[in-house]
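Text of input_36.pdb, listed as PDB, C-alpha atoms:
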```
ATOM      1  CA  MET A  29      15.726 188.885  -7.793
ATOM      2  CA  SER A  30      17.968 185.977  -8.785
ATOM      3  CA  ASN A  31      16.618 182.604  -9.906
ATOM      4  CA  VAL A  32      17.731 180.878  -6.704
ATOM      5  CA  GLU A  33      16.027 183.566  -4.595
ATOM      6  CA  SER A  34      12.806 182.972  -6.547
ATOM      7  CA  LEU A  35      13.128 179.218  -6.069
ATOM      8  CA  LEU A  36      13.609 179.538  -2.299
ATOM      9  CA  LYS A  37      10.777 182.062  -1.926
ATOM     10  CA  SER A  38       8.460 179.828  -3.993
ATOM     11  CA  PHE A  39       9.002 177.101  -1.396
ATOM     12  CA  GLN A  40       8.457 179.525   1.489
ATOM     13  CA  ASN A  41       5.229 180.780  -0.108
ATOM     14  CA  SER A  42       4.045 177.155  -0.547
ATOM     15  CA  ASN A  43       4.119 177.403  -4.345
ATOM     16  CA  ILE A  44       6.433 174.370  -4.629
ATOM     17  CA  ASP A  45       7.011 171.386  -2.331
ATOM     18  CA  VAL A  46      10.201 170.075  -0.708
ATOM     19  CA  ASP A  47      10.864 167.583  -3.531
ATOM     20  CA  SER A  48      10.603 170.252  -6.216
ATOM     21  CA  LEU A  49      12.871 172.606  -4.298
ATOM     22  CA  MET A  50      15.603 170.087  -3.515
ATOM     23  CA  CYS A  51      15.604 168.282  -6.884
ATOM     24  CA  THR A  52      15.625 171.587  -8.769
ATOM     25  CA  LEU A  53      18.573 172.784  -6.704
ATOM     26  CA  ILE A  54      20.582 169.604  -7.375
ATOM     27  CA  ASN A  55      19.675 169.347 -11.060
ATOM     28  CA  ASN A  56      19.627 172.988 -12.147
ATOM     29  CA  TYR A  57      22.110 174.856  -9.953
ATOM     30  CA  VAL A  58      25.779 174.803  -9.067
ATOM     31  CA  LEU A  59      27.879 176.532  -6.456
ATOM     32  CA  LYS A  60      30.327 178.902  -8.145
ATOM     33  CA  VAL A  61      33.320 179.867  -6.024
ATOM     34  CA  ASN A  62      35.432 182.383  -7.935
ATOM     35  CA  ASP A  63      36.063 180.436 -11.184
ATOM     36  CA  ASP A  64      35.456 176.944  -9.750
ATOM     37  CA  ILE A  65      32.172 175.101 -10.215
ATOM     38  CA  TYR A  66      30.840 172.625  -7.626
ATOM     39  CA  ASP A  67      27.836 170.352  -8.158
ATOM     40  CA  PHE A  68      25.491 169.677  -5.260
ATOM     41  CA  CYS A  69      25.591 165.943  -4.403
ATOM     42  CA  GLU A  70      23.973 165.782  -0.992
ATOM     43  CA  ILE A  71      21.823 168.423   0.708
ATOM     44  CA  GLU A  72      19.457 168.583   3.699
ATOM     45  CA  LEU A  73      16.484 170.813   4.397
ATOM     46  CA  TYR A  74      16.245 172.735   7.693
ATOM     47  CA  TYR A  75      13.213 175.020   7.866
ATOM     48  CA  TYR A  76      11.207 176.633  10.660
ATOM     49  CA  LYS A  77       7.953 178.557  10.209
ATOM     50  CA  LYS A  78       5.972 179.470  13.290
ATOM     51  CA  GLU A  79       2.728 177.471  13.652
ATOM     52  CA  LYS A  80       3.240 175.764  10.271
ATOM     53  CA  HIS A  81       6.569 173.935  10.262
ATOM     54  CA  GLU A  82       8.147 174.129  13.716
ATOM     55  CA  ASP A  83      11.301 172.069  13.186
ATOM     56  CA  CYS A  84      13.401 172.581  16.320
ATOM     57  CA  GLY A  85      16.590 171.373  14.594
ATOM     58  CA  VAL A  86      17.008 174.630  12.675
ATOM     59  CA  LEU A  87      19.662 177.247  13.456
ATOM     60  CA  LYS A  88      18.200 180.723  13.867
ATOM     61  CA  ARG A  89      19.494 183.368  11.520
ATOM     62  CA  ASP A  90      18.541 186.699   9.982
ATOM     63  CA  LYS A  91      19.395 186.336   6.273
ATOM     64  CA  LEU A  92      18.013 186.922   2.808
ATOM     65  CA  ALA A  93      16.969 184.158   0.413
ATOM     66  CA  GLY A  94      20.033 182.841  -1.395
ATOM     67  CA  ASP A  95      22.563 184.134   1.150
ATOM     68  CA  ILE A  96      25.398 181.782   2.080
ATOM     69  CA  PHE A  97      25.644 181.135   5.827
ATOM     70  CA  PHE A  98      28.742 179.529   7.340
ATOM     71  CA  HIS A  99      28.169 178.032  10.803
ATOM     72  CA  ARG A 100      29.669 175.465  13.159
ATOM     73  CA  TYR A 101      28.054 172.549  11.305
ATOM     74  CA  GLY A 102      28.886 173.591   7.744
ATOM     75  CA  ILE A 103      27.391 175.884   5.139
ATOM     76  CA  ASP A 104      23.771 176.705   4.272
ATOM     77  CA  ILE A 105      21.932 178.272   1.394
ATOM     78  CA  CYS A 106      19.494 180.475   3.306
ATOM     79  CA  PHE A 107      15.786 181.017   3.077
ATOM     80  CA  ASP A 108      14.437 184.507   3.625
ATOM     81  CA  SER A 109      14.797 184.506   7.408
ATOM     82  CA  ASN A 110      13.889 186.945  10.146
ATOM     83  CA  GLY A 111      15.303 184.887  13.022
ATOM     84  CA  THR A 112      12.028 184.626  14.937
ATOM     85  CA  ASP A 113       8.966 183.524  12.922
ATOM     86  CA  GLU A 114      10.620 182.015   9.867
ATOM     87  CA  TYR A 115      14.191 180.919   9.204
ATOM     88  CA  GLY A 116      16.330 178.124   7.898
ATOM     89  CA  GLY A 117      18.326 176.892   4.990
ATOM     90  CA  ILE A 118      19.632 174.007   2.971
ATOM     91  CA  LEU A 119      22.736 172.399   4.437
ATOM     92  CA  ILE A 120      25.312 171.435   1.826
ATOM     93  CA  ARG A 121      26.528 167.983   2.895
ATOM     94  CA  SER A 122      28.531 166.977  -0.199
ATOM     95  CA  LEU A 123      29.873 168.632  -3.335
ATOM     96  CA  LYS A 124      31.600 167.511  -6.514
ATOM     97  CA  LYS A 125      34.224 169.499  -8.418
ATOM     98  CA  ASP A 126      35.220 167.861 -11.686
ATOM     99  CA  ASP A 127      35.723 164.210 -10.620
ATOM    100  CA  GLU A 128      36.556 164.953  -6.984
ATOM    101  CA  TYR A 129      33.959 164.512  -4.249
ATOM    102  CA  ILE A 130      33.959 166.440  -0.997
ATOM    103  CA  PHE A 131      31.932 164.476   1.563
ATOM    104  CA  GLY A 132      30.707 166.059   4.787
ATOM    105  CA  PRO A 133      29.295 169.490   5.580
ATOM    106  CA  LEU A 134      32.363 170.679   7.499
ATOM    107  CA  LYS A 135      34.744 169.499   4.784
ATOM    108  CA  CYS A 136      32.659 171.357   2.207
ATOM    109  CA  SER A 137      32.773 174.488   4.325
ATOM    110  CA  LEU A 138      36.506 174.242   4.990
ATOM    111  CA  THR A 139      37.277 173.508   1.335
ATOM    112  CA  LEU A 140      35.502 176.696   0.300
ATOM    113  CA  LEU A 141      37.019 178.829   3.056
ATOM    114  CA  ASN A 142      40.596 177.542   2.863
ATOM    115  CA  ARG A 143      41.244 178.572  -0.713
ATOM    116  CA  TYR A 144      44.532 180.081  -1.767
ATOM    117  CA  GLN A 145      42.925 183.215  -3.148
ATOM    118  CA  PRO A 146      42.689 186.616  -1.450
ATOM    119  CA  ASN A 147      38.964 187.096  -2.121
ATOM    120  CA  ILE A 148      36.255 184.482  -2.204
ATOM    121  CA  HIS A 149      33.141 185.135  -4.277
ATOM    122  CA  ILE A 150      30.417 182.534  -3.781
ATOM    123  CA  LEU A 151      27.154 182.390  -5.686
ATOM    124  CA  ILE A 152      24.512 179.869  -6.610
ATOM    125  CA  GLN A 153      24.271 179.814 -10.374
ATOM    126  CA  GLN A 154      21.614 178.283 -12.590
ATOM    127  CA  THR A 155      23.054 175.922 -15.200
ATOM    128  CA  GLN A 156      22.264 173.271 -17.792
ATOM    129  CA  LYS A 157      23.436 169.805 -16.795
ATOM    130  CA  ASN A 158      22.389 166.177 -16.934
ATOM    131  CA  LYS A 159      19.571 165.289 -14.591
ATOM    132  CA  GLU A 160      20.653 163.221 -11.612
ATOM    133  CA  ILE A 161      18.778 160.307 -10.116
ATOM    134  CA  ILE A 162      18.104 161.408  -6.569
ATOM    135  CA  CYS A 163      17.074 159.463  -3.512
ATOM    136  CA  LYS A 164      15.769 160.725  -0.190
ATOM    137  CA  THR A 165      16.480 159.691   3.379
ATOM    138  CA  THR A 166      16.017 161.163   6.808
ATOM    139  CA  ARG A 167      18.622 163.719   7.836
ATOM    140  CA  ILE A 168      21.951 162.361   9.093
ATOM    141  CA  LYS A 169      21.872 164.216  12.389
ATOM    142  CA  SER A 170      19.132 166.008  14.199
ATOM    143  CA  SER A 171      19.638 167.993  17.362
ATOM    144  CA  CYS A 172      16.094 167.330  18.550
ATOM    145  CA  LYS A 173      14.749 163.855  17.924
ATOM    146  CA  ASN A 174      11.452 164.477  19.670
ATOM    147  CA  ASN A 175       9.818 166.512  16.975
ATOM    148  CA  LYS A 176       7.715 165.309  14.065
ATOM    149  CA  TYR A 177      10.251 166.429  11.452
ATOM    150  CA  HIS A 178      12.999 164.068  12.632
ATOM    151  CA  SER A 179      11.631 161.253  10.472
ATOM    152  CA  GLU A 180      10.912 163.372   7.381
ATOM    153  CA  LEU A 181      12.845 162.572   4.209
ATOM    154  CA  TYR A 182      14.750 165.860   4.089
ATOM    155  CA  ARG A 183      18.140 164.555   2.903
ATOM    156  CA  TYR A 184      18.603 164.385  -0.853
ATOM    157  CA  VAL A 185      21.598 162.590  -2.373
ATOM    158  CA  THR A 186      22.477 161.838  -5.987
ATOM    159  CA  LYS A 187      22.678 158.211  -7.036
ATOM    160  CA  TYR A 188      26.250 158.491  -8.228
ATOM    161  CA  ALA A 189      27.453 160.225  -5.059
ATOM    162  CA  CYS A 190      25.782 157.491  -3.037
ATOM    163  CA  THR A 191      27.593 154.793  -4.989
ATOM    164  CA  VAL A 192      31.020 156.359  -4.350
ATOM    165  CA  MET A 193      30.415 157.391  -0.728
ATOM    166  CA  HIS A 194      31.486 154.005   0.597
ATOM    167  CA  LYS A 195      35.013 154.634  -0.731
ATOM    168  CA  ASN A 196      35.385 157.388   1.854
ATOM    169  CA  LYS A 197      35.415 155.133   4.917
ATOM    170  CA  GLU A 198      35.292 157.925   7.499
ATOM    171  CA  TYR A 199      32.245 159.556   5.922
ATOM    172  CA  TRP A 200      30.566 156.259   5.062
ATOM    173  CA  GLN A 201      30.629 155.220   8.745
ATOM    174  CA  LYS A 202      28.633 158.353   9.596
ATOM    175  CA  VAL A 203      26.027 157.973   6.857
ATOM    176  CA  GLN A 204      25.948 154.238   6.149
ATOM    177  CA  GLU A 205      22.775 153.417   8.052
ATOM    178  CA  LYS A 206      20.747 155.994   6.162
ATOM    179  CA  SER A 207      22.573 155.639   2.837
ATOM    180  CA  GLN A 208      22.683 151.844   2.507
ATOM    181  CA  GLN A 209      19.069 151.441   1.432
ATOM    182  CA  CYS A 210      19.309 154.470  -0.833
ATOM    183  CA  CYS A 211      22.347 153.058  -2.629
ATOM    184  CA  GLU A 212      20.823 149.593  -2.953
ATOM    185  CA  GLU A 213      17.539 150.937  -4.301
ATOM    186  CA  ASN A 214      19.308 152.944  -6.952
ATOM    187  CA  ASN A 215      21.813 150.364  -8.161
ATOM    188  CA  ASP A 216      20.522 149.021 -11.445
TER     189      ASP A 216
END
```
Will you turn the file into structure tokens for me?
Amino acid sequence: MSNVESLLKSFQNSNIDVDSLMCTLINNYVLKVNDDIYDFCEIELYYYKKEKHEDCGVLKRDKLAGDIFFHRYGIDICFDSNGTDEYGGILIRSLKKDDEYIFGPLKCSLTLLNRYQPNIHILIQQTQKNKEIICKTTRIKSSCKNNKYHSELYRYVTKYACTVMHKNKEYWQKVQEKSQQCCEENND
């Protein structure tokens, strides 16, 4: 079992909380696509577990922990999911490659899929890197606002990504309301 699989299953088995899961993913893992390395800058939790965490904003899927799942909203890192009692994943909202930011879940997905290479190999790799200051907000979009998880702080964004988001006017318009306070709180 890979390290990321263990991390995801630890969350599912209630051995670690949401904060530990999301901060560990941002600070200790990268997305490796062939030879390119992408840092996670902004991610959101989507998780459903029957009778324990019934978040209706989660796409059903039948995947293994650590699988990559492309869908109409972007790309997820999957939990161990059976499609009925327990399923979900972590939506990748923003990535950073070298000094270039990719803002938005669909742009992340399209950037990874539209590569000029015949085969794409994607994996989540554990790494050593500087710890990021991370802030939390509610998710940007939720397909069902009438459930108790709509107001949970399930969006995690790095301080530095938050401070450069406003330069991308199109993306900033979509996330400004939820990001403004986060950016202000973290500007020293």
* To do: Excluding Cys84 of chain A and residues on its chain fewer than 3 positions from it, collect all residues at most 10 Å away from it, counting only C-alpha atoms, and give them as a PyMOL selection string.
  => chain A and resi 74-76+81+87-88+170-178
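When all atoms listed in the file are used to measure the gap to Gly116 of chain A, the shortest distance among A:Lys77, A:Arg143, A:His149, A:Lys135 belongs to A:Lys77.
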* To do: Specify as a PyMOL selection string each residue included when the PyMOL selection byres ((chain A and resi 181) around 12) is applied to this file.
  => chain A and resi 46-47+50+71-74+163-168+176-180+182-185+206+210
* **the PyMOL selection byres ((chain A and resi 128) around 12) applied to the shown file, residues as JSON, numbers by chain** => {"A": [65, 66, 67, 69, 122, 123, 124, 125, 126, 127, 129, 130, 131, 136, 139, 189, 192, 193, 196]}
* **Between atom CA of Val32 of chain A and atom CA of Ile44 of chain A - distance in Å to one decimal** => 13.2 Å
* To do: Enter the distance from atom CA of His194 of chain A to atom CA of Leu138 of chain A, in Å, rounded to one decimal.
  =>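 Distance between the two atoms: 21.3 Å.
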* To do: Work out how far apart atom CA of Ser48 of chain A and atom CA of Thr191 of chain A are and give it in Å to one decimal.
  => 23.0 Å
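In terms of minimum interatomic distance to Asp108 of chain A, A:Lys37 ranks closest within A:Lys78, A:Lys37, A:Lys187, A:Lys60, counting only C-alpha atoms.
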* To do: Run the PyMOL selection byres ((chain A and resi 58) around 8) on the file and write out the hits as a PyMOL selection string.
  => chain A and resi 53-54+56-57+59-60+65-68+152-155
Selected residues written out, C-alpha atoms, as a PDB file, keeping the file's coordinate frame:
```pdb
ATOM      1  CA  LEU A  53      18.573 172.784  -6.704  1.00  0.00           C
ATOM      2  CA  ILE A  54      20.582 169.604  -7.375  1.00  0.00           C
ATOM      3  CA  ASN A  56      19.627 172.988 -12.147  1.00  0.00           C
ATOM      4  CA  TYR A  57      22.110 174.856  -9.953  1.00  0.00           C
ATOM      5  CA  LEU A  59      27.879 176.532  -6.456  1.00  0.00           C
ATOM      6  CA  LYS A  60      30.327 178.902  -8.145  1.00  0.00           C
ATOM      7  CA  ILE A  65      32.172 175.101 -10.215  1.00  0.00           C
ATOM      8  CA  TYR A  66      30.840 172.625  -7.626  1.00  0.00           C
ATOM      9  CA  ASP A  67      27.836 170.352  -8.158  1.00  0.00           C
ATOM     10  CA  PHE A  68      25.491 169.677  -5.260  1.00  0.00           C
ATOM     11  CA  ILE A 152      24.512 179.869  -6.610  1.00  0.00           C
ATOM     12  CA  GLN A 153      24.271 179.814 -10.374  1.00  0.00           C
ATOM     13  CA  GLN A 154      21.614 178.283 -12.590  1.00  0.00           C
ATOM     14  CA  THR A 155      23.054 175.922 -15.200  1.00  0.00           C
TER      15      THR A 155
END
```
* Take the point (18.4, 180.5, 0.0) in the file's coordinates, draw a sphere of radius 12 Å around it, and report as JSON, numbers by chain every protein, DNA or RNA residue with an atom inside or on it, counting only C-alpha atoms. => {"A": [29, 30, 31, 32, 33, 34, 35, 36, 37, 38, 39, 40, 49, 50, 53, 73, 74, 75, 89, 90, 91, 92, 93, 94, 95, 96, 97, 103, 104, 105, 106, 107, 108, 109, 115, 116, 117, 118, 119, 120, 151, 152, 153]}
